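Student: Before we start, here is the structure in question, set down as structure tokens.
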Amino acid sequence: MIVRHSRSVLLACTALAIVMPSAIAFAQSAPSTAQTAEEQKAKNEADTFLSPIIVKGSRQAANDPYTKPGPSSTVTADQINLQAGQGTDDLLRSVPGTSTANNPQNPGVAVNIRGFEGSGRVNMSIDGVRQNFRFTGHEAQGFTYIDPAFLAGIDVTRGSVTGIGGGALAGTVNFRTYDIDDLIQGDKNYGGIVSATVGTNELGWSESAIGAYRFNDVFAVLGGISKSDPRNFENGDGVTVPYTEQDLLSGMLKAEITPNAENTIKLGGISYDNDFFANSYFQNVKNKTFAASYAYTPGDNDLIDFKTNFYYNRLEMQYDTNATGGGSAAGRRIKDTGIGFDVSNTSKFDVGDVAVTTKYGVEYFHDDYDVINSRTQPLGGVNGSGKSAILGVFDTTTLTYGMADLTLGLRYDHFDLDGSGAVVAGNPLGLPAGPYTVDKSEGRLNPSVTFALNPTEWFQPYVTYAETQRAPTVNEIFAGGTHPGGTQSFFPNPFLEAETSKGWEIGANIKFDGLLDAGDSFRLKANYFYDNIDNYITAALLNGGRQIFFVNNPGTSRVSGFELQAAYDAGFVFGDLAYTYTDTNLPSQVNGFGVQSYLPDSIFSATLGARFLEDQRLTVGSRFYAVSRAYVGSVNVAAGTSPYQPGYGLVDLFANYKFEKGFELTGSVTNVFDKTYTPASSTIAGNTIETGRGRTFMITARARF
């Protein structure tokens, strides 16, 4: 059963988060407060973080994806706030080339980029801390567990990543949580956000409180807490989608130490504790993320912009019983303990008329997977124990001459895998019966080159060639055990090789200010990609599906497509859209040993809104999301059954009103027409009903202090 966390803890911490910063601020003496305010104002004007949203006029965000010659996107804080109460999956599905492996019973996020998902094909991280939890079963092959209440933005890079976050096949996704400078604004030395959402269709209540206080120019702290406990929702037909309830309690603590303008130390910790039912069992997931970073940025030396990060992440998934109180997997525990670091420096200098910017460094991460299969059979399950490590050494250098930019990247990836297990006689790989050990390592140089032109201020075409790789995982190499009921046996494959990708991309950025009005802005990013994939890993089924193990598929597979994103903002009216077309001949992943990962051929999303009243306090708008049919793989359907999942379209409505002194209300209606559908790339073991959430009304009250 799912045990509900008490709200008394949340209410007490919420009150503390609201009262404490204000009490401390008023306790300061008047003269020192006035002096500090002037100093703080100057510091804030120099250091305040800007949410990466494209705004009206000439103000440009630091992380503007429309200035980068490559397929990057950002989900901004404003977009997250307008979709308050919705899940992280919904936020990501509005990004071109991006989706998720959706299971409404499992709150974990499994990002899919261009049809690649699971097992590290997409690197997922929280505040730069890698989330390498792996899982083999009737689920995606890896999850990130993050409370959406703490999200300040999501950064998505599709394709090659040479620097920090590299070592993946298809891209990276970083979930950024609130930082101190997100909360403390203007000349204040404190700030925070308190939010409460209530919704129909069993969405229930969710509350969060995040506060920050800056003691002086040297030391600042942040704390946050969040609680939500939605129940089983209904689909568009009014049928309850079973076991979609959860009980989530999350916390966050951060500190920042800035002894002077050149040195910054940041410490952070995030906890996540959720009870839910998925993969036929009641489960609890606890995720603890810790990070420490140091930056040295002397303003008078262009050769030094030094940054280093150290992190620790521990995720533990614990199975209880199945719905009837038993189950052969009851007591299963999967624990991933990860540690890592990255060190980098950026240098800028000129060689004659050529401006040079070079970023170089090293990153390392190590994961220890410790698995207990069940209370009655602790060893020999499908998810094996083992250790993995990846070392990356990289350099990215951009040479700028006139209107031309040439970016040369080189990354060396080296992986190590070790572990042990036991295999029975007659296994399909011909391994000797009995215990076995694996100690496997391999390295590869992955180059990239991008040539971009800037013939005008508003137009930037580019072309890229890049190579990437993805190391096999502990789960793929050390699979074993049998399926409940003994109808299927799983086997290890210590001979797996790394997947590799070699691909081309051509694209362009377009930026116009004052296109139709003196104060408007128009942004557009479009790209076409073509990738060749070797050694793609999927499950192999032998002996009528009774013997299953992971294999490298022979030959070269192809993935190509077109991605488009655009945004227009004239103040009184705004809009954005995203479109993705994907064509692939990748071999199918096998449901039950992972999940199908094909994207629908076409995905379209758009937002259109308007702002009214004085200071544009009232915002109203609509979102539209539509997908074509999606191939799920003939191996995943019964003979004579269509291997396609039907397409669908959804319409949402939203409105936001900003009152005085930082208080605002947001109302929304999702799935306005109560459409009956199943989200693309969805899976629930044994499910026979449509799993898309039916019409839901939500109201969010939010106060910023």
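Just remember, in the structure tokens the first chain shown is A, the second B, etc., residues are 1-based per chain, and ligands are 1-based in the order shown.
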Find the residues around A:Tyr272 up to 8 Å (only C-alpha atoms counted), leave out those fewer than 6 positions away in its own chain, and share them as a list of chain:residue names.
Tutor: A:Tyr145, A:Ile146, A:Asp147, A:Leu248, A:Leu249, A:Ser250, A:Gly251, A:Val285, A:Lys286, A:Asn287, A:Lys288
Student: Can you tell me which residues surround A:Asp90 at a distance of at most 10 Å, considering only C-alpha atoms, apart from same-chain residues fewer than 3 positions away, and format the answer as a list of chain:residue names?
Tutor: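 Skipping anything fewer than 3 positions along the chain leaves A:Ile80, A:Gln83, A:Gln86, A:Gly87, A:Arg93, A:Ser94, A:Val95, A:Ser99, A:Thr100, A:Asn102, A:Tyr625.
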Student: Hey, which of A:Gly331, A:Gly128, A:Pro107, A:Pro71 ends up closest to A:Ile164? Count only C-alpha atoms.
Tutor: A:Gly128
Student: As number ranges by chain, please: every residue in stretch 159-228 of chain A that a backbone DSSP assignment puts in helix (DSSP H, G or I).
Tutor: A: 180-183
Student: Write out, as a PDB file, in the first residue's frame, the residues just selected, with all heavy atoms.
Tutor:
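again22.pdb was written with the following content:
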ATOM      1  N   ILE A 180      19.849  30.549  -5.828  1.00  0.00           N
ATOM      2  CA  ILE A 180      19.659  31.707  -4.949  1.00  0.00           C
ATOM      3  C   ILE A 180      19.337  32.957  -5.753  1.00  0.00           C
ATOM      4  O   ILE A 180      18.430  33.731  -5.404  1.00  0.00           O
ATOM      5  CB  ILE A 180      20.905  31.899  -4.069  1.00  0.00           C
ATOM      6  CG1 ILE A 180      20.997  30.754  -3.051  1.00  0.00           C
ATOM      7  CG2 ILE A 180      20.874  33.253  -3.362  1.00  0.00           C
ATOM      8  CD1 ILE A 180      22.298  30.663  -2.314  1.00  0.00           C
ATOM      9  N   ASP A 181      20.027  33.184  -6.845  1.00  0.00           N
ATOM     10  CA  ASP A 181      19.799  34.384  -7.649  1.00  0.00           C
ATOM     11  C   ASP A 181      18.481  34.339  -8.414  1.00  0.00           C
ATOM     12  O   ASP A 181      18.046  35.353  -8.949  1.00  0.00           O
ATOM     13  CB  ASP A 181      20.962  34.596  -8.620  1.00  0.00           C
ATOM     14  CG  ASP A 181      22.213  35.080  -7.913  1.00  0.00           C
ATOM     15  OD1 ASP A 181      22.075  35.668  -6.830  1.00  0.00           O
ATOM     16  OD2 ASP A 181      23.324  34.862  -8.437  1.00  0.00           O
ATOM     17  N   ASP A 182      17.847  33.172  -8.510  1.00  0.00           N
ATOM     18  CA  ASP A 182      16.499  33.101  -9.079  1.00  0.00           C
ATOM     19  C   ASP A 182      15.470  33.710  -8.141  1.00  0.00           C
ATOM     20  O   ASP A 182      14.415  34.177  -8.586  1.00  0.00           O
ATOM     21  CB  ASP A 182      16.101  31.646  -9.357  1.00  0.00           C
ATOM     22  CG  ASP A 182      16.930  31.004 -10.436  1.00  0.00           C
ATOM     23  OD1 ASP A 182      17.253  31.702 -11.412  1.00  0.00           O
ATOM     24  OD2 ASP A 182      17.266  29.818 -10.306  1.00  0.00           O
ATOM     25  N   LEU A 183      15.763  33.689  -6.836  1.00  0.00           N
ATOM     26  CA  LEU A 183      14.791  34.091  -5.831  1.00  0.00           C
ATOM     27  C   LEU A 183      15.034  35.496  -5.294  1.00  0.00           C
ATOM     28  O   LEU A 183      14.076  36.231  -5.028  1.00  0.00           O
ATOM     29  CB  LEU A 183      14.802  33.092  -4.664  1.00  0.00           C
ATOM     30  CG  LEU A 183      14.477  31.638  -5.028  1.00  0.00           C
ATOM     31  CD1 LEU A 183      14.558  30.761  -3.798  1.00  0.00           C
ATOM     32  CD2 LEU A 183      13.108  31.526  -5.661  1.00  0.00           C
TER      33      LEU A 183
END
Student: Could you jot down the atom CA of A:Leu524 to atom CA of A:Met124 separation for me, Å, one decimal place?
Tutor: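 Atom CA of A:Leu524 sits 25.7 Å away from atom CA of A:Met124.
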Student: Quick one: pick out all strand (DSSP E) residues within stretch 416-519 of chain A from a backbone DSSP run and write them as a VMD selection string.
Tutor: chain A and resid 416 to 423 434 to 453 459 to 470 489 to 490 499 to 513
Student: Please identify all polymer residues within 12 Å of A:Ile154, counting only C-alpha atoms, omitting same-chain residues fewer than 2 positions from it, and present them as a ChimeraX atom specification.
Tutor: /A:51-53,63,65,72-80,88-89,91-95,111,124-128,146,148,150-152,156-157,172-178
Student: For A:Gln460, list every protein, DNA or RNA residue within 10 Å, evaluated using only C-alpha atoms, and leave out those in the same chain fewer than 6 positions away; present the list as a list of chain:residue names.
Tutor: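 In the requested format, the answer is A:Tyr66, A:Thr67, A:Lys68, A:Pro69, A:Met403, A:Ala404, A:Ala452, A:Leu453, A:Asn454, A:Gly507, A:Ala508, A:Asn509, A:Ile510, A:Lys511, A:Lys525.
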Student: With N, CA and C atoms retained, export the selected residues as a PDB file, in the first residue's frame.
Tutor:
ATOM      1  N   TYR A  66      18.633  30.366 -29.542  1.00  0.00           N
ATOM      2  CA  TYR A  66      18.614  30.865 -30.914  1.00  0.00           C
ATOM      3  C   TYR A  66      19.914  31.553 -31.311  1.00  0.00           C
ATOM      4  N   THR A  67      20.889  31.594 -30.409  1.00  0.00           N
ATOM      5  CA  THR A  67      22.202  32.128 -30.748  1.00  0.00           C
ATOM      6  C   THR A  67      23.247  31.029 -30.917  1.00  0.00           C
ATOM      7  N   LYS A  68      22.851  29.781 -30.689  1.00  0.00           N
ATOM      8  CA  LYS A  68      23.797  28.674 -30.725  1.00  0.00           C
ATOM      9  C   LYS A  68      23.669  27.909 -32.035  1.00  0.00           C
ATOM     10  N   PRO A  69      24.778  27.697 -32.739  1.00  0.00           N
ATOM     11  CA  PRO A  69      24.721  26.930 -33.995  1.00  0.00           C
ATOM     12  C   PRO A  69      24.633  25.429 -33.728  1.00  0.00           C
ATOM     13  N   MET A 403      32.993  36.965 -40.452  1.00  0.00           N
ATOM     14  CA  MET A 403      31.652  36.439 -40.192  1.00  0.00           C
ATOM     15  C   MET A 403      31.632  34.924 -40.018  1.00  0.00           C
ATOM     16  N   ALA A 404      32.789  34.267 -40.061  1.00  0.00           N
ATOM     17  CA  ALA A 404      32.855  32.808 -40.021  1.00  0.00           C
ATOM     18  C   ALA A 404      33.313  32.301 -38.653  1.00  0.00           C
ATOM     19  N   ALA A 452      29.931  27.729 -39.021  1.00  0.00           N
ATOM     20  CA  ALA A 452      28.788  28.634 -38.979  1.00  0.00           C
ATOM     21  C   ALA A 452      29.164  29.969 -39.599  1.00  0.00           C
ATOM     22  N   LEU A 453      28.190  30.596 -40.231  1.00  0.00           N
ATOM     23  CA  LEU A 453      28.369  31.924 -40.815  1.00  0.00           C
ATOM     24  C   LEU A 453      27.419  32.909 -40.148  1.00  0.00           C
ATOM     25  N   ASN A 454      27.875  34.155 -40.022  1.00  0.00           N
ATOM     26  CA  ASN A 454      27.071  35.233 -39.466  1.00  0.00           C
ATOM     27  C   ASN A 454      27.067  36.409 -40.441  1.00  0.00           C
ATOM     28  N   GLY A 507      21.624  23.417 -40.395  1.00  0.00           N
ATOM     29  CA  GLY A 507      20.547  24.188 -39.791  1.00  0.00           C
ATOM     30  C   GLY A 507      20.821  25.675 -39.850  1.00  0.00           C
ATOM     31  N   ALA A 508      19.928  26.434 -39.238  1.00  0.00           N
ATOM     32  CA  ALA A 508      20.056  27.888 -39.250  1.00  0.00           C
ATOM     33  C   ALA A 508      19.278  28.483 -38.091  1.00  0.00           C
ATOM     34  N   ASN A 509      19.755  29.636 -37.606  1.00  0.00           N
ATOM     35  CA  ASN A 509      19.055  30.457 -36.630  1.00  0.00           C
ATOM     36  C   ASN A 509      18.651  31.766 -37.290  1.00  0.00           C
ATOM     37  N   ILE A 510      17.448  32.219 -36.992  1.00  0.00           N
ATOM     38  CA  ILE A 510      16.961  33.505 -37.496  1.00  0.00           C
ATOM     39  C   ILE A 510      16.452  34.311 -36.307  1.00  0.00           C
ATOM     40  N   LYS A 511      16.908  35.558 -36.196  1.00  0.00           N
ATOM     41  CA  LYS A 511      16.514  36.436 -35.088  1.00  0.00           C
ATOM     42  C   LYS A 511      16.175  37.818 -35.649  1.00  0.00           C
ATOM     43  N   LYS A 525      14.559  28.524 -35.214  1.00  0.00           N
ATOM     44  CA  LYS A 525      15.676  27.577 -35.319  1.00  0.00           C
ATOM     45  C   LYS A 525      15.173  26.353 -36.074  1.00  0.00           C
TER      46      LYS A 525
END
Student: May I ask which of the residues A:Ala518, A:Leu406, A:Ala355, A:Met317 is the closest one to A:Asp370, counting only C-alpha atoms?
Tutor: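 Looking only at the distances to A:Asp370, the closest residue turns out to be A:Met317.
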Student: Using only C-alpha atoms, which residues sit within 8 Å of A:Val595 once same-chain residues fewer than 2 positions away are excluded, as a list in words?
Tutor: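 So the residues in contact are Ala101, His138, Glu139, Ala140, Gln141, Gln589, Val590, Asn591, Gly592, Phe593, Ser597, Ser681 and Thr683 of chain A.
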Student: Tell me which of A:Asp64, A:Lys266, A:Tyr312, A:Leu82 sits closest to A:Arg623, counting only C-alpha atoms.
Tutor: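 Of A:Asp64, A:Lys266, A:Tyr312, A:Leu82, the one nearest A:Arg623, counting only C-alpha atoms, is A:Leu82.
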